[in-house]
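The next block is coords_18.pdb, given as PDB, C-alpha atoms.
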```pdb
ATOM      1  CA  MET A 205      15.837 -16.027 -32.769
ATOM      2  CA  ARG A 206      12.695 -14.519 -31.285
ATOM      3  CA  ALA A 207      10.656 -16.303 -28.669
ATOM      4  CA  VAL A 208       7.817 -15.361 -26.338
ATOM      5  CA  ARG A 209       8.360 -16.362 -22.724
ATOM      6  CA  ILE A 210       7.100 -15.796 -19.209
ATOM      7  CA  GLY A 211       9.409 -14.842 -16.356
ATOM      8  CA  GLU A 212       6.648 -14.712 -13.765
ATOM      9  CA  TYR A 213       3.064 -15.870 -13.482
ATOM     10  CA  GLY A 214       0.221 -13.470 -14.117
ATOM     11  CA  GLY A 215      -1.976 -11.893 -16.764
ATOM     12  CA  PRO A 216      -1.252 -11.727 -20.491
ATOM     13  CA  GLU A 217       1.124  -8.818 -19.890
ATOM     14  CA  VAL A 218       3.780 -11.211 -18.487
ATOM     15  CA  LEU A 219       4.309 -12.622 -22.000
ATOM     16  CA  GLU A 220       7.423 -10.922 -23.384
ATOM     17  CA  THR A 221       9.229 -11.202 -26.708
ATOM     18  CA  VAL A 222      12.950 -11.908 -26.297
ATOM     19  CA  GLU A 223      15.994 -12.823 -28.367
ATOM     20  CA  THR A 224      17.395 -16.212 -27.448
ATOM     21  CA  GLU A 225      19.610 -18.981 -28.810
ATOM     22  CA  VAL A 226      18.356 -21.366 -31.461
ATOM     23  CA  PRO A 227      17.711 -24.786 -29.854
ATOM     24  CA  GLU A 228      19.406 -27.874 -31.269
ATOM     25  CA  PRO A 229      17.657 -31.254 -31.419
ATOM     26  CA  GLY A 230      18.898 -34.001 -29.138
ATOM     27  CA  PRO A 231      18.708 -37.759 -29.685
ATOM     28  CA  GLY A 232      15.291 -38.744 -31.040
ATOM     29  CA  GLN A 233      14.286 -35.134 -31.656
ATOM     30  CA  VAL A 234      13.852 -32.732 -34.557
ATOM     31  CA  SER A 235      13.993 -28.964 -34.692
ATOM     32  CA  VAL A 236      11.377 -27.084 -36.687
ATOM     33  CA  ASP A 237      11.313 -23.661 -38.302
ATOM     34  CA  VAL A 238       7.923 -22.661 -36.955
ATOM     35  CA  ALA A 239       5.214 -21.304 -39.244
ATOM     36  CA  TYR A 240       2.171 -21.281 -36.944
ATOM     37  CA  VAL A 241       1.493 -22.071 -33.292
ATOM     38  CA  GLY A 242      -1.806 -23.134 -31.750
ATOM     39  CA  VAL A 243      -2.939 -21.130 -28.719
ATOM     40  CA  ASN A 244      -4.503 -23.439 -26.134
ATOM     41  CA  PHE A 245      -6.177 -23.091 -22.760
ATOM     42  CA  ALA A 246      -3.253 -25.043 -21.307
ATOM     43  CA  ASP A 247      -1.018 -22.133 -22.376
ATOM     44  CA  HIS A 248      -3.299 -19.754 -20.489
ATOM     45  CA  LYS A 249      -3.066 -21.911 -17.354
ATOM     46  CA  ALA A 250       0.717 -22.185 -17.733
ATOM     47  CA  ARG A 251       1.018 -18.401 -17.855
ATOM     48  CA  LEU A 252      -1.456 -17.799 -15.060
ATOM     49  CA  GLU A 253      -0.645 -20.503 -12.532
ATOM     50  CA  GLY A 254       2.313 -22.575 -13.749
ATOM     51  CA  TYR A 255       0.434 -25.521 -15.238
ATOM     52  CA  ARG A 256       3.097 -27.959 -16.526
ATOM     53  CA  VAL A 257       5.844 -25.358 -16.165
ATOM     54  CA  PRO A 258       9.046 -27.030 -14.896
ATOM     55  CA  SER A 259      10.818 -23.729 -14.170
ATOM     56  CA  LEU A 260      10.946 -20.053 -15.107
ATOM     57  CA  PRO A 261      11.630 -18.463 -17.502
ATOM     58  CA  PHE A 262       9.446 -20.623 -19.722
ATOM     59  CA  VAL A 263       8.438 -20.511 -23.390
ATOM     60  CA  PRO A 264       4.825 -21.745 -23.758
ATOM     61  CA  GLY A 265       3.311 -23.521 -26.719
ATOM     62  CA  LEU A 266       2.229 -27.133 -27.171
ATOM     63  CA  GLU A 267       1.518 -27.463 -30.900
ATOM     64  CA  LEU A 268       2.973 -26.035 -34.073
ATOM     65  CA  SER A 269       3.412 -26.430 -37.778
ATOM     66  CA  GLY A 270       6.455 -25.652 -39.867
ATOM     67  CA  ARG A 271       9.369 -27.153 -41.765
ATOM     68  CA  ILE A 272      11.994 -29.455 -40.318
ATOM     69  CA  ARG A 273      15.241 -27.573 -39.719
ATOM     70  CA  ALA A 274      17.478 -30.363 -38.390
ATOM     71  CA  LEU A 275      17.336 -34.002 -37.318
ATOM     72  CA  GLY A 276      18.779 -35.218 -34.044
ATOM     73  CA  PRO A 277      20.792 -38.436 -33.692
ATOM     74  CA  GLY A 278      18.778 -41.582 -34.307
ATOM     75  CA  VAL A 279      15.930 -39.918 -36.199
ATOM     76  CA  ASP A 280      14.827 -41.375 -39.515
ATOM     77  CA  GLY A 281      11.680 -41.155 -41.595
ATOM     78  CA  PHE A 282      11.876 -37.355 -41.876
ATOM     79  CA  THR A 283      13.813 -34.984 -44.140
ATOM     80  CA  VAL A 284      15.092 -31.453 -43.672
ATOM     81  CA  GLY A 285      12.595 -29.004 -45.163
ATOM     82  CA  GLN A 286       9.644 -31.385 -44.780
ATOM     83  CA  GLU A 287       6.362 -29.772 -43.712
ATOM     84  CA  VAL A 288       5.185 -31.163 -40.365
ATOM     85  CA  ALA A 289       2.895 -30.568 -37.427
ATOM     86  CA  ALA A 290       4.112 -31.386 -33.938
ATOM     87  CA  LEU A 291       3.242 -31.655 -30.287
ATOM     88  CA  THR A 292       5.780 -30.240 -27.850
ATOM     89  CA  GLU A 293       6.197 -30.127 -24.082
ATOM     90  CA  GLY A 294       6.529 -26.345 -24.379
ATOM     91  CA  GLY A 295       8.658 -23.993 -26.416
ATOM     92  CA  ALA A 296       6.453 -23.572 -29.497
ATOM     93  CA  TYR A 297       6.052 -19.791 -29.069
ATOM     94  CA  ALA A 298       9.316 -19.285 -30.969
ATOM     95  CA  GLU A 299      10.831 -19.066 -34.419
ATOM     96  CA  VAL A 300      12.503 -22.453 -33.902
ATOM     97  CA  ALA A 301      11.228 -25.226 -31.615
ATOM     98  CA  VAL A 302      12.281 -28.769 -30.728
ATOM     99  CA  ALA A 303       9.953 -31.772 -30.559
ATOM    100  CA  ASP A 304      10.332 -35.507 -30.005
ATOM    101  CA  ALA A 305      10.182 -37.292 -33.356
ATOM    102  CA  ALA A 306       7.428 -39.574 -32.014
ATOM    103  CA  THR A 307       5.112 -36.554 -31.757
ATOM    104  CA  VAL A 308       5.933 -35.065 -35.178
ATOM    105  CA  PHE A 309       3.510 -35.767 -38.041
ATOM    106  CA  PRO A 310       3.934 -35.128 -41.784
ATOM    107  CA  VAL A 311       1.450 -32.614 -43.146
ATOM    108  CA  ALA A 312      -0.866 -34.291 -45.630
ATOM    109  CA  ALA A 313      -0.804 -33.157 -49.232
ATOM    110  CA  GLY A 314      -3.236 -30.322 -49.791
ATOM    111  CA  THR A 315      -3.249 -29.269 -46.121
ATOM    112  CA  SER A 316      -1.854 -25.813 -45.397
ATOM    113  CA  LEU A 317       0.548 -25.168 -42.539
ATOM    114  CA  ARG A 318      -2.068 -22.810 -41.119
ATOM    115  CA  THR A 319      -4.615 -25.601 -40.937
ATOM    116  CA  ALA A 320      -2.036 -28.131 -39.743
ATOM    117  CA  ALA A 321      -1.162 -26.029 -36.681
ATOM    118  CA  SER A 322      -4.746 -26.157 -35.433
ATOM    119  CA  LEU A 323      -4.981 -29.948 -35.142
ATOM    120  CA  PRO A 324      -2.103 -31.725 -33.291
ATOM    121  CA  THR A 325      -3.690 -31.503 -29.831
ATOM    122  CA  VAL A 326      -7.361 -31.097 -30.682
ATOM    123  CA  LEU A 327      -8.084 -33.851 -33.209
ATOM    124  CA  PRO A 328      -6.339 -36.749 -31.406
ATOM    125  CA  THR A 329      -7.808 -35.566 -28.095
ATOM    126  CA  ALA A 330     -11.370 -35.514 -29.407
ATOM    127  CA  TYR A 331     -10.890 -38.889 -31.078
ATOM    128  CA  ALA A 332      -9.512 -40.460 -27.893
ATOM    129  CA  LEU A 333     -12.319 -39.025 -25.761
ATOM    130  CA  LEU A 334     -14.993 -40.532 -27.973
ATOM    131  CA  HIS A 335     -13.387 -43.790 -29.027
ATOM    132  CA  SER A 336     -10.323 -44.881 -27.034
ATOM    133  CA  VAL A 337     -11.663 -43.861 -23.602
ATOM    134  CA  GLY A 338     -15.371 -43.174 -24.146
ATOM    135  CA  ARG A 339     -16.021 -46.324 -26.225
ATOM    136  CA  LEU A 340     -18.789 -44.634 -28.225
ATOM    137  CA  ARG A 341     -21.167 -47.027 -29.986
ATOM    138  CA  GLU A 342     -23.409 -46.272 -32.933
ATOM    139  CA  GLY A 343     -26.754 -44.812 -31.892
ATOM    140  CA  GLU A 344     -25.610 -43.599 -28.468
ATOM    141  CA  SER A 345     -26.135 -40.053 -27.222
ATOM    142  CA  VAL A 346     -23.225 -37.729 -26.444
ATOM    143  CA  LEU A 347     -22.927 -34.605 -24.288
ATOM    144  CA  VAL A 348     -19.953 -32.272 -24.826
ATOM    145  CA  GLN A 349     -19.015 -29.423 -22.492
ATOM    146  CA  GLY A 350     -17.329 -26.473 -24.219
ATOM    147  CA  ALA A 351     -18.917 -27.354 -27.543
ATOM    148  CA  ALA A 352     -17.728 -24.141 -29.242
ATOM    149  CA  GLY A 353     -14.063 -24.581 -28.327
ATOM    150  CA  GLY A 354     -11.417 -26.408 -30.326
ATOM    151  CA  VAL A 355     -12.000 -29.898 -28.909
ATOM    152  CA  GLY A 356     -15.744 -29.301 -28.809
ATOM    153  CA  THR A 357     -15.888 -28.256 -32.455
ATOM    154  CA  VAL A 358     -14.086 -31.414 -33.528
ATOM    155  CA  ALA A 359     -15.860 -33.744 -31.066
ATOM    156  CA  GLY A 360     -19.275 -32.829 -32.443
ATOM    157  CA  GLN A 361     -18.191 -33.749 -35.964
ATOM    158  CA  LEU A 362     -16.439 -36.958 -34.908
ATOM    159  CA  ALA A 363     -19.470 -38.079 -32.899
ATOM    160  CA  ARG A 364     -21.697 -37.494 -35.898
ATOM    161  CA  ALA A 365     -19.245 -39.358 -38.166
ATOM    162  CA  ALA A 366     -19.309 -42.310 -35.737
ATOM    163  CA  GLY A 367     -23.098 -42.573 -35.952
ATOM    164  CA  ALA A 368     -24.056 -41.079 -32.606
ATOM    165  CA  GLY A 369     -27.817 -40.972 -32.130
ATOM    166  CA  ARG A 370     -27.944 -37.521 -30.569
ATOM    167  CA  VAL A 371     -25.151 -35.009 -29.947
ATOM    168  CA  ILE A 372     -25.759 -32.287 -27.345
ATOM    169  CA  GLY A 373     -23.397 -29.393 -26.763
ATOM    170  CA  VAL A 374     -23.039 -27.115 -23.754
ATOM    171  CA  VAL A 375     -21.880 -23.516 -24.255
ATOM    172  CA  SER A 376     -21.729 -20.282 -22.285
ATOM    173  CA  SER A 377     -23.568 -17.914 -24.636
ATOM    174  CA  GLY A 378     -26.123 -17.686 -27.409
ATOM    175  CA  ALA A 379     -23.452 -16.687 -29.927
ATOM    176  CA  LYS A 380     -21.468 -19.826 -29.135
ATOM    177  CA  ALA A 381     -24.623 -21.912 -29.463
ATOM    178  CA  GLU A 382     -25.169 -20.605 -32.981
ATOM    179  CA  TYR A 383     -21.573 -21.494 -33.845
ATOM    180  CA  ALA A 384     -21.711 -25.020 -32.357
ATOM    181  CA  ARG A 385     -24.832 -25.996 -34.293
ATOM    182  CA  LYS A 386     -22.750 -25.844 -37.476
ATOM    183  CA  TYR A 387     -20.412 -28.593 -36.280
ATOM    184  CA  GLY A 388     -22.384 -31.756 -35.644
ATOM    185  CA  TYR A 389     -24.615 -30.822 -32.713
ATOM    186  CA  ASP A 390     -28.319 -31.667 -32.758
ATOM    187  CA  ASP A 391     -29.013 -29.543 -29.688
ATOM    188  CA  VAL A 392     -27.017 -26.868 -27.864
ATOM    189  CA  VAL A 393     -27.863 -25.729 -24.332
ATOM    190  CA  LEU A 394     -26.478 -23.009 -22.104
ATOM    191  CA  ALA A 395     -24.164 -23.919 -19.246
ATOM    192  CA  ASP A 396     -26.432 -22.411 -16.612
ATOM    193  CA  GLY A 397     -28.822 -25.224 -15.688
ATOM    194  CA  PHE A 398     -27.608 -27.571 -18.414
ATOM    195  CA  GLY A 399     -28.397 -30.677 -16.366
ATOM    196  CA  ALA A 400     -32.112 -29.935 -16.338
ATOM    197  CA  ALA A 401     -32.039 -29.056 -20.041
ATOM    198  CA  VAL A 402     -30.375 -32.365 -20.890
ATOM    199  CA  GLY A 403     -32.991 -34.171 -18.840
ATOM    200  CA  GLU A 404     -35.750 -32.538 -20.849
ATOM    201  CA  LEU A 405     -34.082 -33.282 -24.187
ATOM    202  CA  THR A 406     -33.627 -36.955 -23.330
ATOM    203  CA  GLY A 407     -36.988 -37.491 -21.640
ATOM    204  CA  GLY A 408     -35.250 -37.968 -18.294
ATOM    205  CA  ARG A 409     -33.038 -40.789 -19.561
ATOM    206  CA  GLY A 410     -29.742 -38.892 -19.690
ATOM    207  CA  VAL A 411     -26.852 -39.381 -22.116
ATOM    208  CA  ASP A 412     -24.669 -42.405 -22.772
ATOM    209  CA  LEU A 413     -21.366 -40.541 -22.986
ATOM    210  CA  ALA A 414     -20.321 -37.131 -21.644
ATOM    211  CA  LEU A 415     -17.049 -35.232 -22.150
ATOM    212  CA  ASP A 416     -15.959 -32.627 -19.607
ATOM    213  CA  PRO A 417     -12.928 -30.282 -19.588
ATOM    214  CA  VAL A 418     -14.275 -27.999 -16.843
ATOM    215  CA  GLY A 419     -14.189 -29.972 -13.597
ATOM    216  CA  GLY A 420     -15.603 -28.847 -10.256
ATOM    217  CA  ASP A 421     -19.352 -28.362 -10.018
ATOM    218  CA  VAL A 422     -19.722 -28.841 -13.782
ATOM    219  CA  LEU A 423     -18.201 -32.302 -13.499
ATOM    220  CA  ARG A 424     -20.656 -33.202 -10.749
ATOM    221  CA  GLU A 425     -23.636 -31.970 -12.745
ATOM    222  CA  THR A 426     -22.389 -33.777 -15.847
ATOM    223  CA  LEU A 427     -22.175 -37.039 -13.924
ATOM    224  CA  GLY A 428     -25.794 -36.521 -12.892
ATOM    225  CA  ALA A 429     -26.780 -36.145 -16.552
ATOM    226  CA  LEU A 430     -25.633 -39.680 -17.442
ATOM    227  CA  ALA A 431     -28.017 -42.459 -18.367
ATOM    228  CA  VAL A 432     -27.859 -45.852 -16.690
ATOM    229  CA  PHE A 433     -24.497 -47.399 -17.657
ATOM    230  CA  GLY A 434     -23.361 -43.998 -18.936
ATOM    231  CA  ARG A 435     -19.693 -42.973 -19.137
ATOM    232  CA  LEU A 436     -18.074 -39.654 -18.318
ATOM    233  CA  VAL A 437     -14.608 -38.736 -19.558
ATOM    234  CA  SER A 438     -12.772 -35.911 -17.791
ATOM    235  CA  PHE A 439     -10.064 -34.210 -19.858
ATOM    236  CA  GLY A 440      -9.277 -31.029 -17.982
ATOM    237  CA  ASN A 441      -9.965 -28.751 -15.065
ATOM    238  CA  ALA A 442     -10.577 -25.351 -16.623
ATOM    239  CA  SER A 443     -12.378 -24.272 -13.447
ATOM    240  CA  SER A 444      -9.188 -24.830 -11.387
ATOM    241  CA  ALA A 445     -11.466 -26.316  -8.723
ATOM    242  CA  PRO A 446      -9.988 -28.728  -6.168
ATOM    243  CA  ALA A 447      -9.830 -32.296  -7.410
ATOM    244  CA  TRP A 448     -13.036 -34.195  -6.719
ATOM    245  CA  GLN A 449     -12.991 -37.841  -5.693
ATOM    246  CA  VAL A 450     -15.656 -39.993  -7.356
ATOM    247  CA  GLY A 451     -16.527 -43.284  -5.750
ATOM    248  CA  GLN A 452     -19.128 -45.904  -5.033
ATOM    249  CA  PRO A 453     -21.968 -43.564  -3.953
ATOM    250  CA  GLU A 454     -21.862 -41.743  -7.302
ATOM    251  CA  LEU A 455     -21.147 -44.696  -9.605
ATOM    252  CA  TYR A 456     -22.916 -47.723  -8.210
ATOM    253  CA  PRO A 457     -26.607 -46.679  -8.413
ATOM    254  CA  GLY A 458     -26.713 -46.363 -12.219
ATOM    255  CA  GLY A 459     -23.749 -48.537 -13.116
ATOM    256  CA  ARG A 460     -21.956 -45.407 -14.315
ATOM    257  CA  SER A 461     -18.234 -45.138 -14.969
ATOM    258  CA  MET A 462     -15.603 -42.417 -15.294
ATOM    259  CA  GLY A 463     -12.413 -42.164 -17.283
ATOM    260  CA  GLY A 464      -9.777 -39.545 -17.914
ATOM    261  CA  PHE A 465      -7.479 -38.415 -20.688
ATOM    262  CA  SER A 466      -4.558 -36.024 -21.192
ATOM    263  CA  ILE A 467      -2.803 -35.955 -24.536
ATOM    264  CA  LEU A 468       0.240 -34.295 -22.975
ATOM    265  CA  THR A 469       0.596 -37.052 -20.398
ATOM    266  CA  LEU A 470       0.110 -39.733 -23.062
ATOM    267  CA  ALA A 471       2.869 -38.110 -25.123
ATOM    268  CA  GLN A 472       5.222 -38.568 -22.167
ATOM    269  CA  THR A 473       4.174 -42.034 -21.056
ATOM    270  CA  ALA A 474       3.171 -43.808 -24.272
ATOM    271  CA  PRO A 475       4.334 -41.845 -27.350
ATOM    272  CA  GLN A 476       3.832 -44.738 -29.731
ATOM    273  CA  GLU A 477       0.242 -45.175 -28.561
ATOM    274  CA  LEU A 478      -0.226 -41.458 -29.187
ATOM    275  CA  ARG A 479       1.174 -41.850 -32.682
ATOM    276  CA  THR A 480      -1.256 -44.670 -33.465
ATOM    277  CA  LEU A 481      -4.120 -42.639 -32.014
ATOM    278  CA  ALA A 482      -3.182 -39.571 -34.044
ATOM    279  CA  GLU A 483      -2.950 -41.536 -37.281
ATOM    280  CA  ARG A 484      -6.460 -42.901 -36.737
ATOM    281  CA  ALA A 485      -7.788 -39.445 -35.913
ATOM    282  CA  PHE A 486      -6.202 -37.751 -38.929
ATOM    283  CA  ALA A 487      -7.654 -40.481 -41.182
ATOM    284  CA  VAL A 488     -11.247 -39.413 -40.463
ATOM    285  CA  PRO A 489     -12.327 -37.386 -43.510
ATOM    286  CA  GLY A 490     -14.051 -34.033 -43.565
ATOM    287  CA  ILE A 491     -13.263 -32.754 -40.059
ATOM    288  CA  GLU A 492     -13.062 -28.952 -39.861
ATOM    289  CA  LEU A 493     -11.663 -26.647 -37.188
ATOM    290  CA  PRO A 494     -12.029 -23.014 -38.243
ATOM    291  CA  VAL A 495      -9.272 -20.598 -37.309
ATOM    292  CA  THR A 496     -11.221 -17.713 -35.808
ATOM    293  CA  GLY A 497      -8.290 -15.576 -34.692
ATOM    294  CA  GLU A 498      -4.751 -15.127 -36.026
ATOM    295  CA  PHE A 499      -2.057 -13.030 -34.329
ATOM    296  CA  ALA A 500       1.613 -12.311 -34.949
ATOM    297  CA  LEU A 501       4.075 -13.987 -32.578
ATOM    298  CA  THR A 502       4.699 -10.609 -30.935
ATOM    299  CA  GLU A 503       0.925 -10.308 -30.307
ATOM    300  CA  ALA A 504       0.811 -13.388 -28.072
ATOM    301  CA  ALA A 505      -0.441 -11.307 -25.141
ATOM    302  CA  GLU A 506      -3.440 -10.145 -27.163
ATOM    303  CA  ALA A 507      -4.201 -13.726 -28.221
ATOM    304  CA  HIS A 508      -4.191 -14.707 -24.548
ATOM    305  CA  ARG A 509      -6.531 -11.837 -23.684
ATOM    306  CA  VAL A 510      -9.007 -13.108 -26.270
ATOM    307  CA  LEU A 511      -8.671 -16.674 -24.985
ATOM    308  CA  ALA A 512      -9.106 -15.604 -21.360
ATOM    309  CA  SER A 513     -12.247 -13.644 -22.206
ATOM    310  CA  ARG A 514     -14.035 -16.961 -22.920
ATOM    311  CA  THR A 515     -15.679 -15.325 -25.948
ATOM    312  CA  SER A 516     -13.644 -17.060 -28.642
ATOM    313  CA  THR A 517     -14.750 -20.048 -30.693
ATOM    314  CA  GLY A 518     -12.794 -22.497 -32.836
ATOM    315  CA  LYS A 519      -9.024 -22.055 -32.859
ATOM    316  CA  LEU A 520      -6.615 -19.193 -32.221
ATOM    317  CA  LEU A 521      -3.179 -19.195 -33.879
ATOM    318  CA  LEU A 522       0.085 -17.284 -33.680
ATOM    319  CA  ARG A 523       1.655 -16.583 -37.051
ATOM    320  CA  VAL A 524       5.440 -16.913 -36.898
ATOM    321  CA  ALA A 525       6.860 -17.356 -40.419
ATOM    322  CA  ALA A 526       4.111 -18.590 -42.719
TER     323      ALA A 526
END
```
Entire entry expressed as structure tokens:
Amino acid sequence: MRAVRIGEYGGPEVLETVETEVPEPGPGQVSVDVAYVGVNFADHKARLEGYRVPSLPFVPGLELSGRIRALGPGVDGFTVGQEVAALTEGGAYAEVAVADAATVFPVAAGTSLRTAASLPTVLPTAYALLHSVGRLREGESVLVQGAAGGVGTVAGQLARAAGAGRVIGVVSSGAKAEYARKYGYDDVVLADGFGAAVGELTGGRGVDLALDPVGGDVLRETLGALAVFGRLVSFGNASSAPAWQVGQPELYPGGRSMGGFSILTLAQTAPQELRTLAERAFAVPGIELPVTGEFALTEAAEAHRVLASRTSTGKLLLRVAA
């Protein structure tokens, strides 16, 4: 079978298409004939700096859709040929991939495999950020960094569906601002000086809940944009900045709090909790995540170039065997 792997860290050019053996599912696993693969920023960081890469060579890819090829020992509730979406620990950039059954989800009737591939990481992540960790209450204000990305697109809609009083997005360009306004955001501000802009929009009060995948200086400025008793949820470090320790001096004065979330870590440590979370997230009606770029499996390097340019919105996919 064909797969796309990295043998060294570097730019998109290190992604190479190879012929390799078809993987077999182990106990508690299923193998999937892959139709589409989601391209995520975590894949970019894996290729560039080894994020969550146990060893080289490595096949990236954390989410996919397709049809079940085989069931491993001890797996029930699925059938060969069934259309599913799945989270993986890697290996999705391939014609056949293996996933733990606990992180495999039947595709709902009427949902295409193309659409299904865009949601396994993004929708449960956005739901957890707002509800499980962020504890959003009706009428509260929300600030979302990266509002035009996959999680940001979904988070704006979920916040609106939950009755948020005001939803503010942060983006890096005017084009992204125009995009984000279509997906639940009342206001969209540019990343440069966003803290002051949020202060103006809220009359100096700040926001009740903020979601940040960037880290570094952006995380610090986001914390400063919280209202009294506000919460900040960190769910990434796209800036690759050194980890920042938050403590009493930052949290005590306004009674603020911080939380964190990683869907990949939850899949490893509490897969059943992830399954419950995902079922709740997928049950929310009317959530859209537009696919704004589709590439063949052999064009993975080009998909990564688009992702690394920070100009893309919505979701990028690799088409394997639709």
Given the file above and the PyMOL selection byres ((chain A and resi 231-238) around 8), which residues are selected, and can you give them as a PDB file with C-alpha atoms, in the frame of the given file?
```
ATOM      1  CA  PRO A 227      17.711 -24.786 -29.854  1.00  0.00           C
ATOM      2  CA  GLU A 228      19.406 -27.874 -31.269  1.00  0.00           C
ATOM      3  CA  PRO A 229      17.657 -31.254 -31.419  1.00  0.00           C
ATOM      4  CA  GLY A 230      18.898 -34.001 -29.138  1.00  0.00           C
ATOM      5  CA  ALA A 239       5.214 -21.304 -39.244  1.00  0.00           C
ATOM      6  CA  TYR A 240       2.171 -21.281 -36.944  1.00  0.00           C
ATOM      7  CA  VAL A 241       1.493 -22.071 -33.292  1.00  0.00           C
ATOM      8  CA  LEU A 268       2.973 -26.035 -34.073  1.00  0.00           C
ATOM      9  CA  SER A 269       3.412 -26.430 -37.778  1.00  0.00           C
ATOM     10  CA  GLY A 270       6.455 -25.652 -39.867  1.00  0.00           C
ATOM     11  CA  ARG A 271       9.369 -27.153 -41.765  1.00  0.00           C
ATOM     12  CA  ILE A 272      11.994 -29.455 -40.318  1.00  0.00           C
ATOM     13  CA  ARG A 273      15.241 -27.573 -39.719  1.00  0.00           C
ATOM     14  CA  ALA A 274      17.478 -30.363 -38.390  1.00  0.00           C
ATOM     15  CA  LEU A 275      17.336 -34.002 -37.318  1.00  0.00           C
ATOM     16  CA  GLY A 276      18.779 -35.218 -34.044  1.00  0.00           C
ATOM     17  CA  PRO A 277      20.792 -38.436 -33.692  1.00  0.00           C
ATOM     18  CA  GLY A 278      18.778 -41.582 -34.307  1.00  0.00           C
ATOM     19  CA  VAL A 279      15.930 -39.918 -36.199  1.00  0.00           C
ATOM     20  CA  ALA A 296       6.453 -23.572 -29.497  1.00  0.00           C
ATOM     21  CA  ALA A 298       9.316 -19.285 -30.969  1.00  0.00           C
ATOM     22  CA  GLU A 299      10.831 -19.066 -34.419  1.00  0.00           C
ATOM     23  CA  VAL A 300      12.503 -22.453 -33.902  1.00  0.00           C
ATOM     24  CA  ALA A 301      11.228 -25.226 -31.615  1.00  0.00           C
ATOM     25  CA  VAL A 302      12.281 -28.769 -30.728  1.00  0.00           C
ATOM     26  CA  ALA A 303       9.953 -31.772 -30.559  1.00  0.00           C
ATOM     27  CA  ASP A 304      10.332 -35.507 -30.005  1.00  0.00           C
ATOM     28  CA  ALA A 305      10.182 -37.292 -33.356  1.00  0.00           C
ATOM     29  CA  ALA A 306       7.428 -39.574 -32.014  1.00  0.00           C
ATOM     30  CA  VAL A 524       5.440 -16.913 -36.898  1.00  0.00           C
ATOM     31  CA  ALA A 525       6.860 -17.356 -40.419  1.00  0.00           C
TER      32      ALA A 525
END
```
Under the PyMOL selection byres ((chain A and resi 359) around 9), which residues of this model are included? Write them out as an MDAnalysis selection string. chainID A and resid 326:327 329:331 333:334 348 351 354:358 360:364 387:388
Suppose a student applies the PyMOL selection byres ((chain A and resi 246) around 9) to this structure; what residues should they get, written as a ChimeraX atom specification? /A:243-245,247-251,255-256,265-266,442
Taking (-2.7, -39.5, -33.5) as a centre in this file's frame and 12 Å as the limit, can you find every polymer residue with an atom that close, using only C-alpha atoms, and give them as an NGL selection string? :A and (289-291 or 306-310 or 323-332 or 336 or 467 or 470-471 or 474-488)
Write out the residues from the selection above, keeping C-alpha atoms, as a compact mmCIF listing (two decimals), in the coordinates of the input.
```txt
# COMPACT_ATOMS: atom_id res chain seq x y z
CA ALA A 289 2.90 -30.57 -37.43
CA ALA A 290 4.11 -31.39 -33.94
CA LEU A 291 3.24 -31.66 -30.29
CA ALA A 306 7.43 -39.57 -32.01
CA THR A 307 5.11 -36.55 -31.76
CA VAL A 308 5.93 -35.06 -35.18
CA PHE A 309 3.51 -35.77 -38.04
CA PRO A 310 3.93 -35.13 -41.78
CA LEU A 323 -4.98 -29.95 -35.14
CA PRO A 324 -2.10 -31.72 -33.29
CA THR A 325 -3.69 -31.50 -29.83
CA VAL A 326 -7.36 -31.10 -30.68
CA LEU A 327 -8.08 -33.85 -33.21
CA PRO A 328 -6.34 -36.75 -31.41
CA THR A 329 -7.81 -35.57 -28.10
CA ALA A 330 -11.37 -35.51 -29.41
CA TYR A 331 -10.89 -38.89 -31.08
CA ALA A 332 -9.51 -40.46 -27.89
CA SER A 336 -10.32 -44.88 -27.03
CA ILE A 467 -2.80 -35.96 -24.54
CA LEU A 470 0.11 -39.73 -23.06
CA ALA A 471 2.87 -38.11 -25.12
CA ALA A 474 3.17 -43.81 -24.27
CA PRO A 475 4.33 -41.84 -27.35
CA GLN A 476 3.83 -44.74 -29.73
CA GLU A 477 0.24 -45.18 -28.56
CA LEU A 478 -0.23 -41.46 -29.19
CA ARG A 479 1.17 -41.85 -32.68
CA THR A 480 -1.26 -44.67 -33.47
CA LEU A 481 -4.12 -42.64 -32.01
CA ALA A 482 -3.18 -39.57 -34.04
CA GLU A 483 -2.95 -41.54 -37.28
CA ARG A 484 -6.46 -42.90 -36.74
CA ALA A 485 -7.79 -39.44 -35.91
CA PHE A 486 -6.20 -37.75 -38.93
CA ALA A 487 -7.65 -40.48 -41.18
CA VAL A 488 -11.25 -39.41 -40.46
```
Please indicate the distance in Å from atom CA of A:Asp416 to atom CA of A:Glu212, rounded to one decimal place. 29.4 Å
Between atom CA of A:Gly464 and atom CA of A:Gly353, measure the distance and give it in Å to one decimal.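 Spanning atom CA of A:Gly464 to atom CA of A:Gly353 is a straight-line distance of 18.7 Å.
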What lies within 10 Å of A:Arg424 using all atoms listed in the file, ignoring chain neighbours under 4 positions off, as a ChimeraX atom specification? /A:399,419-420,428-429,448,450,454
For A:Ala352, find every residue with an atom within 12 Å (counting all atoms listed in the file), except residues of its own chain fewer than 4 positions away, and show them as a count of residues only. 38
Please report the interatomic distance between atom CA of A:Ser443 and atom CA of A:Arg523 in Å with one decimal.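 That distance, rounded to one decimal, is 28.5 Å.
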(7.4, -20.2, -27.3) in this file's frame - what residues fall within 7 Å of it? Use all atoms listed in the file and give the answer as a list in words. Ala207, Val208, Arg209, Val263, Pro264, Gly265, Gly294, Gly295, Ala296, Tyr297 and Ala298 of chain A
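Among the candidates A:Phe499, A:Pro417, A:Gly397, A:Leu427, the residue lying nearest to A:Ser466 is A:Pro417 (atoms considered: only C-alpha atoms).
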